[in-house]
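**Student:** The file below is model_33.tsv, TSV, C-alpha atoms and all ligand atoms:
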```
chain	number	residue	atom	x	y	z
A	1	MET	CA	15.69	-53.01	-0.84
A	2	GLU	CA	15.87	-50.79	2.26
A	3	PHE	CA	19.00	-50.10	4.26
A	4	LEU	CA	21.13	-47.40	5.82
A	5	PHE	CA	24.90	-47.57	5.80
A	6	ASP	CA	26.78	-44.77	7.52
A	7	MET	CA	30.36	-45.37	8.69
A	8	PRO	CA	32.38	-42.22	8.11
A	9	VAL	CA	35.76	-43.65	9.15
A	10	ARG	CA	38.66	-43.99	6.72
A	11	LEU	CA	39.73	-47.52	7.50
A	12	PHE	CA	43.15	-48.95	6.67
A	13	ALA	CA	42.91	-52.67	7.36
A	14	GLN	CA	46.10	-54.46	6.40
A	15	GLN	CA	49.45	-55.55	7.75
A	16	ASN	CA	51.81	-52.57	8.34
A	17	ALA	CA	48.85	-50.17	8.04
A	18	VAL	CA	50.47	-47.44	10.17
A	19	GLU	CA	53.81	-47.54	8.35
A	20	LYS	CA	52.13	-47.59	4.94
A	21	HIS	CA	49.83	-44.63	5.62
A	22	GLN	CA	52.02	-42.34	7.70
A	23	GLU	CA	50.74	-39.26	5.88
A	24	GLU	CA	47.41	-39.67	7.76
A	25	PHE	CA	49.24	-38.67	10.95
A	26	GLY	CA	50.29	-35.34	9.43
A	27	LYS	CA	46.83	-34.13	8.43
A	28	TYR	CA	45.35	-32.82	11.66
A	29	GLY	CA	47.80	-30.38	13.20
A	30	LYS	CA	51.21	-30.22	14.82
A	31	ARG	CA	50.66	-31.54	18.35
A	32	CYS	CA	49.24	-34.94	19.30
A	33	LEU	CA	48.22	-36.63	22.55
A	34	ILE	CA	48.49	-40.43	22.36
A	35	VAL	CA	45.91	-42.19	24.56
A	36	THR	CA	46.71	-45.78	25.47
A	37	GLY	CA	46.71	-48.53	28.12
A	38	HIS	CA	49.45	-49.45	30.52
A	39	ASN	CA	51.67	-51.87	28.55
A	40	SER	CA	50.35	-53.61	25.48
A	41	ALA	CA	50.74	-50.76	22.96
A	42	LYS	CA	54.46	-50.80	23.73
A	43	ALA	CA	54.70	-54.60	23.82
A	44	CYS	CA	52.98	-55.19	20.48
A	45	GLY	CA	54.97	-52.53	18.61
A	46	ALA	CA	52.02	-50.24	17.81
A	47	LEU	CA	53.24	-47.34	19.94
A	48	ASP	CA	56.66	-47.46	18.33
A	49	ASN	CA	55.15	-47.48	14.82
A	50	VAL	CA	52.85	-44.54	15.66
A	51	THR	CA	55.56	-42.38	17.28
A	52	LYS	CA	57.85	-43.00	14.28
A	53	ALA	CA	55.04	-41.95	11.93
A	54	LEU	CA	54.46	-38.79	14.02
A	55	ASP	CA	58.19	-38.00	14.08
A	56	ASN	CA	58.38	-38.46	10.31
A	57	GLN	CA	55.51	-35.99	9.90
A	58	GLY	CA	57.14	-33.44	12.25
A	59	ILE	CA	54.45	-33.75	14.94
A	60	ALA	CA	55.16	-33.12	18.65
A	61	TRP	CA	53.61	-35.88	20.77
A	62	LYS	CA	52.98	-36.90	24.36
A	63	VAL	CA	51.71	-40.20	25.77
A	64	PHE	CA	48.79	-40.53	28.22
A	65	ASP	CA	48.93	-44.20	29.29
A	66	GLN	CA	46.52	-44.20	32.24
A	67	VAL	CA	43.64	-46.11	30.61
A	68	GLY	CA	42.72	-49.36	32.36
A	69	GLN	CA	40.13	-52.01	31.49
A	70	ASN	CA	36.51	-50.82	31.78
A	71	PRO	CA	37.87	-47.26	31.49
A	72	LEU	CA	36.66	-44.61	33.92
A	73	VAL	CA	35.05	-41.41	32.67
A	74	SER	CA	37.13	-39.58	35.29
A	75	VAL	CA	40.38	-40.85	33.72
A	76	CYS	CA	39.16	-39.72	30.27
A	77	TYR	CA	38.33	-36.32	31.74
A	78	GLN	CA	41.88	-36.15	33.10
A	79	GLY	CA	43.14	-37.14	29.63
A	80	GLY	CA	41.11	-34.26	28.16
A	81	ARG	CA	42.79	-31.87	30.60
A	82	GLU	CA	46.20	-33.21	29.52
A	83	ALA	CA	45.24	-32.66	25.89
A	84	ILE	CA	44.31	-29.04	26.64
A	85	ALA	CA	47.46	-28.43	28.71
A	86	PHE	CA	49.65	-29.90	25.95
A	87	GLY	CA	47.84	-27.87	23.28
A	88	ALA	CA	46.96	-31.06	21.39
A	89	ASP	CA	45.48	-30.51	17.93
A	90	PHE	CA	44.47	-34.16	17.64
A	91	ILE	CA	44.32	-37.46	19.51
A	92	VAL	CA	45.62	-40.92	18.59
A	93	GLY	CA	44.13	-43.85	20.54
A	94	ILE	CA	46.13	-47.10	20.60
A	95	GLY	CA	44.94	-50.35	22.17
A	96	GLY	CA	42.01	-52.64	22.63
A	97	GLY	CA	38.49	-51.36	23.07
A	98	SER	CA	39.30	-49.75	26.42
A	99	PRO	CA	41.92	-47.24	25.18
A	100	LEU	CA	40.05	-46.69	21.89
A	101	ASP	CA	36.78	-45.88	23.71
A	102	ALA	CA	38.70	-43.68	26.16
A	103	ALA	CA	40.37	-41.82	23.27
A	104	LYS	CA	36.92	-40.93	21.88
A	105	ALA	CA	36.08	-39.27	25.21
A	106	VAL	CA	39.49	-37.58	25.54
A	107	ALA	CA	38.91	-36.08	22.06
A	108	ALA	CA	35.61	-34.61	23.32
A	109	PHE	CA	36.96	-33.35	26.67
A	110	GLY	CA	40.05	-31.99	24.91
A	111	ALA	CA	37.92	-29.87	22.57
A	112	ASP	CA	35.64	-28.34	25.19
A	113	PRO	CA	36.96	-27.29	28.62
A	114	GLU	CA	33.34	-26.77	29.76
A	115	LEU	CA	32.24	-30.34	29.02
A	116	THR	CA	31.44	-32.26	32.21
A	117	PRO	CA	31.71	-36.06	32.57
A	118	GLU	CA	27.89	-36.33	32.61
A	119	GLY	CA	27.67	-34.00	29.59
A	120	LEU	CA	29.30	-36.72	27.51
A	121	TYR	CA	26.14	-38.81	27.77
A	122	GLN	CA	23.75	-36.08	26.59
A	123	PRO	CA	22.29	-36.99	23.21
A	124	HIS	CA	23.66	-34.09	21.20
A	125	ARG	CA	26.59	-33.61	18.91
A	126	LEU	CA	29.71	-32.65	20.83
A	127	SER	CA	32.73	-30.86	19.54
A	128	ALA	CA	35.77	-33.14	19.43
A	129	LEU	CA	39.41	-33.00	18.46
A	130	PRO	CA	40.22	-35.06	15.34
A	131	LEU	CA	40.83	-38.66	16.32
A	132	LEU	CA	42.87	-41.51	14.83
A	133	LEU	CA	42.58	-45.06	16.21
A	134	VAL	CA	45.00	-47.98	16.09
A	135	GLY	CA	43.52	-51.29	17.27
A	136	THR	CA	45.47	-54.01	19.10
A	137	THR	CA	42.66	-56.52	19.84
A	138	ALA	CA	40.27	-58.30	17.46
A	139	GLY	CA	36.99	-57.80	19.27
A	140	THR	CA	35.18	-54.56	19.96
A	141	GLY	CA	35.26	-53.07	16.47
A	142	SER	CA	35.58	-49.69	18.22
A	143	GLU	CA	37.78	-48.62	15.29
A	144	VAL	CA	34.66	-48.37	13.11
A	145	THR	CA	31.90	-47.48	15.56
A	146	ARG	CA	30.79	-44.22	17.15
A	147	PHE	CA	30.35	-46.04	20.46
A	148	SER	CA	32.44	-45.62	23.57
A	149	VAL	CA	31.72	-47.61	26.74
A	150	LEU	CA	32.93	-45.92	29.92
A	151	THR	CA	32.48	-46.55	33.63
A	152	ASP	CA	30.75	-43.68	35.44
A	153	ASP	CA	31.31	-42.52	39.03
A	154	LYS	CA	28.72	-45.05	40.27
A	155	GLY	CA	30.81	-47.85	38.79
A	156	HIS	CA	28.30	-48.47	35.98
A	157	LYS	CA	29.40	-49.15	32.42
A	158	ARG	CA	27.49	-46.86	30.05
A	159	SER	CA	27.71	-46.43	26.32
A	160	TRP	CA	27.66	-43.06	24.55
A	161	GLY	CA	28.41	-42.02	21.01
A	162	ASN	CA	27.23	-39.64	18.34
A	163	ALA	CA	28.22	-38.22	14.98
A	164	SER	CA	31.25	-36.49	16.53
A	165	SER	CA	32.76	-39.59	18.18
A	166	TYR	CA	33.91	-41.38	15.03
A	167	ALA	CA	37.60	-41.58	14.24
A	168	ARG	CA	38.76	-39.68	11.17
A	169	ALA	CA	40.86	-42.75	10.32
A	170	SER	CA	41.48	-46.16	11.87
A	171	PHE	CA	44.30	-48.63	11.40
A	172	GLY	CA	43.67	-52.36	11.72
A	173	ASP	CA	46.92	-54.32	11.62
A	174	PRO	CA	46.45	-57.94	12.72
A	175	ARG	CA	50.18	-58.21	13.57
A	176	TYR	CA	49.53	-56.19	16.72
A	177	THR	CA	47.21	-58.92	18.02
A	178	LEU	CA	49.98	-61.57	17.88
A	179	SER	CA	50.98	-60.72	21.46
A	180	LEU	CA	47.45	-61.15	22.84
A	181	ASN	CA	47.28	-64.15	25.17
A	182	ARG	CA	44.85	-67.05	24.75
A	183	LYS	CA	42.37	-65.77	27.35
A	184	PHE	CA	42.02	-62.32	25.77
A	185	THR	CA	42.11	-63.73	22.24
A	186	LEU	CA	39.09	-65.88	23.05
A	187	SER	CA	37.29	-63.23	25.09
A	188	THR	CA	37.75	-60.46	22.53
A	189	GLY	CA	36.78	-62.85	19.71
A	190	LEU	CA	33.61	-63.81	21.57
A	191	ASP	CA	32.79	-60.11	21.99
A	192	ALA	CA	32.85	-59.86	18.19
A	193	VAL	CA	30.65	-62.99	17.96
A	194	ALA	CA	28.20	-61.36	20.40
A	195	HIS	CA	28.14	-58.18	18.28
A	196	ALA	CA	27.38	-60.18	15.16
A	197	LEU	CA	24.64	-62.32	16.73
A	198	GLU	CA	22.99	-59.48	18.66
A	199	SER	CA	23.06	-57.32	15.55
A	200	TYR	CA	21.86	-60.08	13.21
A	201	PHE	CA	18.69	-60.61	15.25
A	202	SER	CA	18.20	-56.94	16.20
A	203	VAL	CA	14.85	-55.36	15.34
A	204	GLU	CA	16.88	-52.42	13.98
A	205	GLY	CA	18.81	-54.54	11.47
A	206	ASP	CA	18.62	-54.33	7.69
A	207	GLN	CA	20.10	-56.35	4.86
A	208	VAL	CA	23.49	-54.64	5.00
A	209	SER	CA	23.97	-54.95	8.78
A	210	GLN	CA	22.81	-58.58	8.58
A	211	SER	CA	25.29	-59.27	5.77
A	212	PHE	CA	28.13	-57.83	7.85
A	213	ALA	CA	26.99	-59.89	10.85
A	214	MET	CA	26.89	-63.06	8.79
A	215	MET	CA	30.32	-62.43	7.26
A	216	ALA	CA	31.68	-61.78	10.74
A	217	LEU	CA	30.36	-65.09	12.11
A	218	LYS	CA	31.64	-67.05	9.11
A	219	LEU	CA	35.15	-65.77	9.84
A	220	LEU	CA	35.08	-65.71	13.64
A	221	LEU	CA	33.65	-69.10	14.61
A	222	PRO	CA	36.12	-71.33	12.69
A	223	ALA	CA	39.05	-69.06	13.64
A	224	LEU	CA	38.13	-69.17	17.34
A	225	LYS	CA	37.83	-72.95	17.19
A	226	GLU	CA	41.33	-72.99	15.68
A	227	VAL	CA	42.63	-70.88	18.58
A	228	TRP	CA	40.92	-73.21	21.03
A	229	LEU	CA	42.44	-76.34	19.45
A	230	ALA	CA	45.91	-74.94	18.67
A	231	GLU	CA	48.77	-76.31	20.72
A	232	GLY	CA	50.92	-73.24	20.11
A	233	GLU	CA	50.23	-69.67	19.08
A	234	PRO	CA	47.56	-68.95	16.46
A	235	THR	CA	48.98	-68.11	13.02
A	236	LEU	CA	48.99	-64.60	11.62
A	237	GLU	CA	46.51	-65.77	8.99
A	238	CYS	CA	44.13	-66.87	11.79
A	239	ARG	CA	44.67	-63.52	13.54
A	240	GLU	CA	43.79	-61.77	10.29
A	241	ARG	CA	40.45	-63.60	10.02
A	242	LEU	CA	39.67	-62.71	13.65
A	243	TYR	CA	40.48	-59.06	13.05
A	244	LEU	CA	38.42	-58.85	9.89
A	245	GLY	CA	35.52	-60.57	11.67
A	246	SER	CA	35.73	-58.01	14.47
A	247	LEU	CA	35.63	-55.11	11.99
A	248	TYR	CA	32.57	-56.60	10.25
A	249	GLY	CA	30.94	-57.06	13.66
A	250	GLY	CA	31.66	-53.40	14.43
A	251	MET	CA	30.09	-52.29	11.15
A	252	ALA	CA	27.00	-54.36	12.00
A	253	ILE	CA	26.52	-52.88	15.50
A	254	ASN	CA	27.25	-49.39	14.28
A	255	ARG	CA	23.90	-49.73	12.47
A	256	THR	CA	21.92	-51.65	15.10
A	257	GLY	CA	23.59	-51.29	18.50
A	258	THR	CA	23.81	-54.38	20.70
A	259	ALA	CA	21.05	-56.25	22.59
A	260	PHE	CA	20.56	-57.76	26.04
A	261	CYS	CA	23.76	-59.82	26.26
A	262	HIS	CA	25.80	-56.62	26.36
A	263	THR	CA	23.64	-54.78	28.87
A	264	MET	CA	23.35	-57.79	31.17
A	265	GLY	CA	27.03	-58.65	30.75
A	266	TYR	CA	28.23	-55.23	31.92
A	267	TRP	CA	27.46	-56.18	35.51
A	268	LEU	CA	29.77	-59.22	35.32
A	269	SER	CA	32.66	-56.95	34.32
A	270	GLU	CA	31.78	-54.28	36.91
A	271	GLU	CA	31.25	-56.56	39.90
A	272	ARG	CA	32.92	-59.88	39.08
A	273	GLU	CA	35.85	-58.74	36.88
A	274	ILE	CA	34.89	-61.00	34.01
A	275	PRO	CA	36.48	-59.74	30.73
A	276	HIS	CA	33.91	-58.07	28.48
A	277	GLY	CA	33.74	-60.74	25.76
A	278	PHE	CA	33.22	-63.64	28.18
A	279	ALA	CA	30.72	-61.50	30.13
A	280	CYS	CA	28.57	-61.13	27.00
A	281	ALA	CA	29.14	-64.69	25.78
A	282	VAL	CA	27.64	-66.33	28.88
A	283	PHE	CA	24.28	-64.92	27.73
A	284	LEU	CA	24.57	-65.95	24.08
A	285	PRO	CA	23.13	-69.48	24.36
A	286	ASP	CA	19.99	-68.02	26.00
A	287	PHE	CA	19.92	-65.23	23.44
A	288	ILE	CA	19.97	-67.83	20.63
A	289	GLN	CA	17.29	-69.98	22.26
A	290	TYR	CA	15.12	-66.90	22.86
A	291	THR	CA	15.45	-65.29	19.40
A	292	VAL	CA	15.46	-68.24	17.01
A	293	PRO	CA	11.75	-69.13	17.50
A	294	LEU	CA	10.87	-65.44	17.02
A	295	ALA	CA	12.64	-65.23	13.64
A	296	PRO	CA	12.81	-68.79	12.26
A	297	GLU	CA	13.44	-67.87	8.62
A	298	LYS	CA	16.16	-65.41	9.46
A	299	ALA	CA	17.72	-67.99	11.78
A	300	MET	CA	17.61	-70.70	9.13
A	301	LYS	CA	19.38	-68.41	6.65
A	302	LEU	CA	22.15	-67.85	9.18
A	303	PHE	CA	22.50	-71.49	10.18
A	304	SER	CA	22.70	-72.69	6.59
A	305	ALA	CA	25.39	-70.06	5.88
A	306	LEU	CA	27.34	-71.20	8.96
A	307	GLY	CA	26.78	-74.89	8.33
A	308	MET	CA	25.65	-75.42	11.92
A	309	TYR	CA	22.37	-75.39	13.80
A	310	ALA	CA	21.37	-73.62	17.00
A	311	GLN	CA	22.54	-76.35	19.38
A	312	GLU	CA	25.97	-76.68	17.78
A	313	LEU	CA	26.37	-72.90	17.82
A	314	CYS	CA	25.45	-72.79	21.53
A	315	ASP	CA	27.82	-75.69	22.31
A	316	THR	CA	30.67	-73.98	20.45
A	317	ILE	CA	30.15	-70.72	22.36
A	318	ILE	CA	29.99	-72.57	25.70
A	319	MET	CA	33.23	-74.42	24.84
A	320	LEU	CA	35.04	-71.15	24.06
A	321	THR	CA	33.76	-69.26	27.13
A	322	ASP	CA	35.78	-69.19	30.33
A	323	ALA	CA	33.85	-67.35	33.06
A	324	GLU	CA	33.75	-68.39	36.71
A	325	TYR	CA	31.87	-66.03	39.04
A	326	GLU	CA	29.96	-65.77	42.29
A	327	PRO	CA	26.21	-65.74	41.55
A	328	ALA	CA	24.31	-62.46	41.99
A	329	THR	CA	22.32	-62.06	45.21
A	330	ASP	CA	18.55	-61.41	45.08
A	331	GLU	CA	19.18	-57.81	46.08
A	332	GLU	CA	21.73	-57.36	43.31
A	333	LEU	CA	19.31	-58.85	40.78
A	334	GLU	CA	16.45	-56.52	41.79
A	335	GLY	CA	18.81	-53.53	41.46
A	336	LEU	CA	19.78	-54.69	37.98
A	337	LEU	CA	16.18	-55.16	36.83
A	338	ASP	CA	15.47	-51.56	37.93
A	339	ARG	CA	18.57	-50.34	36.14
A	340	TRP	CA	17.55	-52.11	32.91
A	341	GLU	CA	14.06	-50.51	32.97
A	342	ASN	CA	14.71	-48.01	30.16
A	343	SER	CA	17.61	-49.73	28.45
A	344	PRO	CA	17.53	-49.30	24.65
A	345	ASN	CA	19.31	-52.67	24.35
A	346	MET	CA	16.29	-54.45	25.82
A	347	LYS	CA	14.03	-52.67	23.32
A	348	ARG	CA	16.22	-53.72	20.40
A	349	THR	CA	15.89	-57.37	21.42
A	350	PRO	CA	13.13	-59.06	19.39
A	351	GLY	CA	9.79	-59.98	20.95
A	352	SER	CA	8.56	-58.32	24.09
A	353	PHE	CA	11.67	-58.65	26.17
A	354	ASP	CA	10.02	-57.36	29.31
A	355	ARG	CA	11.02	-57.44	32.98
A	356	GLN	CA	9.68	-60.96	33.37
A	357	GLN	CA	11.80	-62.26	30.47
A	358	GLN	CA	14.80	-60.33	31.75
A	359	ARG	CA	14.34	-61.85	35.20
A	360	ARG	CA	14.08	-65.37	33.77
A	361	ILE	CA	17.38	-65.08	31.90
A	362	ALA	CA	19.18	-63.13	34.62
A	363	GLU	CA	18.19	-65.71	37.27
A	364	LYS	CA	19.45	-68.48	35.02
A	365	VAL	CA	22.77	-66.88	34.04
A	366	LEU	CA	23.66	-64.44	36.83
A	367	GLN	CA	22.20	-66.49	39.68
A	368	LYS	CA	22.90	-69.86	38.06
A	369	LYS	CA	19.38	-71.08	38.88
A	370	GLY	CA	18.08	-73.89	36.73
A	401	LIG	P1	40.88	-54.14	26.57
A	401	LIG	O1	40.14	-53.88	27.84
A	401	LIG	O2	41.19	-52.97	25.72
A	401	LIG	O3	42.23	-54.92	26.88
A	401	LIG	C1	42.19	-56.11	27.63
A	401	LIG	C2	43.60	-56.51	28.05
A	401	LIG	O4	44.33	-56.91	26.89
A	401	LIG	C3	44.39	-55.39	28.68
A	401	LIG	O5	45.14	-55.94	29.75
A	401	LIG	C4	45.32	-54.93	27.58
A	401	LIG	O6	46.54	-54.41	28.07
A	401	LIG	C5	45.56	-56.22	26.85
A	401	LIG	N1	45.93	-56.05	25.43
A	401	LIG	C6	45.34	-55.28	24.49
A	401	LIG	N2	45.93	-55.46	23.30
A	401	LIG	C7	46.95	-56.34	23.50
A	401	LIG	C8	47.94	-56.92	22.64
A	401	LIG	N3	47.98	-56.64	21.34
A	401	LIG	N4	48.83	-57.76	23.19
A	401	LIG	C9	48.80	-58.08	24.52
A	401	LIG	N5	47.87	-57.58	25.37
A	401	LIG	C10	46.96	-56.73	24.86
A	401	LIG	O7	40.06	-55.25	25.76
A	401	LIG	P2	38.93	-55.18	24.64
A	401	LIG	O8	38.13	-56.42	24.81
A	401	LIG	O9	39.49	-54.88	23.32
A	401	LIG	O10	38.02	-53.94	25.06
A	401	LIG	C11	37.00	-54.09	26.01
A	401	LIG	C12	36.30	-52.76	26.24
A	401	LIG	O11	35.68	-52.31	25.02
A	401	LIG	C13	35.19	-52.89	27.27
A	401	LIG	O12	35.20	-51.76	28.12
A	401	LIG	C14	33.93	-52.93	26.42
A	401	LIG	O13	32.79	-52.48	27.13
A	401	LIG	C15	34.31	-52.02	25.27
A	401	LIG	N6	33.54	-52.25	24.02
A	401	LIG	C16	33.40	-51.20	23.16
A	401	LIG	C17	32.69	-51.36	21.98
A	401	LIG	C18	32.52	-50.21	21.02
A	401	LIG	O14	31.78	-50.31	20.03
A	401	LIG	N7	33.19	-49.10	21.26
A	401	LIG	C19	32.12	-52.60	21.65
A	401	LIG	C20	32.31	-53.65	22.54
A	401	LIG	C21	33.04	-53.47	23.71
A	401	LIG	P3	46.82	-52.83	28.33
A	401	LIG	O15	46.01	-52.47	29.53
A	401	LIG	O16	48.27	-52.75	28.55
A	401	LIG	O17	46.35	-52.08	27.13
A	402	FE	FE	31.14	-55.65	23.01
```
Produce structure tokens that represent the structure in this file.
**Tutor:**
Amino acid sequence: MEFLFDMPVRLFAQQNAVEKHQEEFGKYGKRCLIVTGHNSAKACGALDNVTKALDNQGIAWKVFDQVGQNPLVSVCYQGGREAIAFGADFIVGIGGGSPLDAAKAVAAFGADPELTPEGLYQPHRLSALPLLLVGTTAGTGSEVTRFSVLTDDKGHKRSWGNASSYARASFGDPRYTLSLNRKFTLSTGLDAVAHALESYFSVEGDQVSQSFAMMALKLLLPALKEVWLAEGEPTLECRERLYLGSLYGGMAINRTGTAFCHTMGYWLSEEREIPHGFACAVFLPDFIQYTVPLAPEKAMKLFSALGMYAQELCDTIIMLTDAEYEPATDEELEGLLDRWENSPNMKRTPGSFDRQQQRRIAEKVLQKKG
């Protein structure tokens, strides 16, 4: 036995989680900045539930709804300034991974007027305002991770996170995901599949992270197939399995981080506007083909638990993925290979996943060669 499990977030995962645990919103002070995206928090009812909970606890609140997809560090910095100007004692993030990741940064900027956008990425503990998160997608697992992925001023997506970027409490209510359309349901679900697979085969994994990854895949794959086949809207019960799978995937990557699919996929979101989950998923068949021969026993354990072998898993992922994009030019590819030089994600990938291996897969997927 040898494992490390460290996930210091109080997690309320159930229907009506916000309404049932309103007292959590009264624990961290009297003034709150709500960080969210443009529309969906209102449309799915989460914003209304949160503001009612804050009102019931006698908390003054203000909404910062400027967070877009692939959130910019500069917008988070602006959110931090708003938090300071409003005198916020704590932050509530509501949304998919984009607003939740942005809220982690706003909590840091809001606690330290001296913190610069680049300072966020320095590997030391930052001070941060207390943070509560309310998820509205079943994908990133940001509710339970320390990670936050933000786009810097060069247009590059970069992940940061440390002991101070965890939420104090997170609320996972699958009802909020009912309004998510088919495209984002599949893309966010595939993000969670990518987390589970990348974590399962990670060199940093242990028996607990692998168990979470396996539980995630057992929930996610059949539920995503159901979404794919359904004529109408997926049921709440199906949404619940997707949400739970995404939380398990988050707990797995919180231990291991992600691997090459995430790092390579960032470029497809930055330059080709492919949603994050699809952008990672296009690499998964190659990830499976690359890793399975390096860890055959581990792979066999997973496939027997899932009741499917490598080819069927690859075929299922390809069926669920919807990503059309212009291939990368040779110049773009060379730039990416340089950028990936010191990427920790490449090091976490099993085997010696060197520049030559990276080139082979990037040419195949990003340049559609062969
Ligand atoms: P997202 O970017 O937060 O949202 C995608 C779209 O879905 C937005 O248009 C959003 O609208 C809409 N939406 C969200 N919830 C909805 C709902 N309940 N009903 C209807 N529409 C809804 O998507 P995401 O996939 O959850 O997050 C992706 C981001 O998370 C990426 O930047 C990725 O790099 C990052 N990520 C973070 C982690 C981590 O550990 N922290 C892990 C993986 C990925 P609005 O704009 O109106 O909100
Ligand atoms: Fe992801």
**Student:** Would you mind listing what lies within 10 Å of stretch 308-322 of chain A as a PyMOL selection string, with all atoms listed in the file counted and same-chain residues fewer than 6 positions away left out?
**Tutor:** chain A and resi 183+186-187+189-190+193-194+221-222+224-225+227-228+274-275+277-289+292+299-300+302
**Student:** Between A:Asp330, A:Glu363, A:Asp89, A:Glu273, single out the one closest to A:Leu132, counting all atoms listed in the file.
**Tutor:**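 Closest residue, counting all atoms listed in the file: A:Asp89.
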**Student:** Please list as a list of chain:residue names every residue within 7 Å of stretch 249-262 of chain A, counting all atoms listed in the file and excluding residues in the same chain fewer than 5 positions away.
**Tutor:**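 What passes the distance filter is A:Thr140, A:Gly141, A:Ser142, A:Val144, A:Thr145, A:Arg146, A:Ala192, A:His195, A:Ala196, A:Glu198, A:Ser199, A:Ser202, A:Glu204, A:Gly205, A:Ser209, A:Gln210, A:Phe212, A:Ala213, A:Ala216, A:Cys280, A:Phe283, A:Leu284, A:Asn345, A:Met346, A:Arg348, A:Thr349.
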**Student:** Given all atoms listed in the file as the basis, pick out the residue of A:Cys44, A:Ala13, A:Ala102, A:Leu126 nearest to ligand LIG 401 (chain A).
**Tutor:**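 The shortest atom-to-atom distance to ligand LIG 401 (chain A) comes from A:Cys44.
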**Student:** Within 8 Å of ligand LIG 401 (chain A), counting all atoms listed in the file: which residues, as JSON, numbers by chain?
**Tutor:** {"A": [36, 37, 38, 39, 40, 41, 43, 44, 67, 68, 69, 70, 71, 95, 96, 97, 98, 99, 100, 101, 135, 136, 137, 138, 139, 140, 141, 142, 143, 144, 145, 146, 147, 148, 149, 150, 157, 159, 176, 177, 178, 179, 180, 181, 184, 187, 188, 191, 192, 195, 250, 253, 254, 266, 275, 276, 277]}
**Student:** Could you check the closest approach to ligand FE 402 (chain A) for each of A:Glu334, A:Met1, A:Gly232, A:Arg158 and tell me which residue wins, using all atoms listed in the file?
**Tutor:**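 Looking at the shortest contact to ligand FE 402 (chain A), the residue is A:Arg158.
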**Student:** Closest to ligand FE 402 (chain A) among A:Lys368, A:Met264, A:Arg241, A:Glu326, using only C-alpha atoms and all ligand atoms?
**Tutor:**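 Closest to ligand FE 402 (chain A), using only C-alpha atoms and all ligand atoms: A:Met264.
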**Student:** Could you give me, as a list in words, the residues within 10 Å of A:Gln78, counting only C-alpha atoms and dropping anything in the same chain fewer than 3 positions from it?
**Tutor:**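 The filter keeps Phe64, Gln66, Leu72, Val73, Ser74, Val75, Arg81, Glu82, Ala83, Ile84, Val106, Phe109 and Gly110 of chain A.
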**Student:** Taking (28.4, -42.0, 9.7) in the coordinates of the supplied file, I want to know which residues reach to within 9 Å of it, counting all atoms listed in the file; could you give the answer as a list in words?
**Tutor:**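 With a cut-off of 9 Å, the residues come to Phe5, Asp6, Met7, Pro8, Val9, Thr145, Arg146, Ala163, Tyr166 and Asn254 of chain A.
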**Student:** I need the residue nearest A:Asp48 from this list: A:Ser165, A:Trp267, A:Val63, A:Cys238. Use all atoms listed in the file for the distance.
**Tutor:**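 Ranked by minimum distance to A:Asp48, first place goes to A:Val63.
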**Student:** Grab the atom CA of A:Leu247 to atom CA of A:Trp340 distance for me, in Å with one decimal place.
**Tutor:**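 Atom-to-atom, atom CA of A:Leu247 to atom CA of A:Trp340, that is 27.8 Å.
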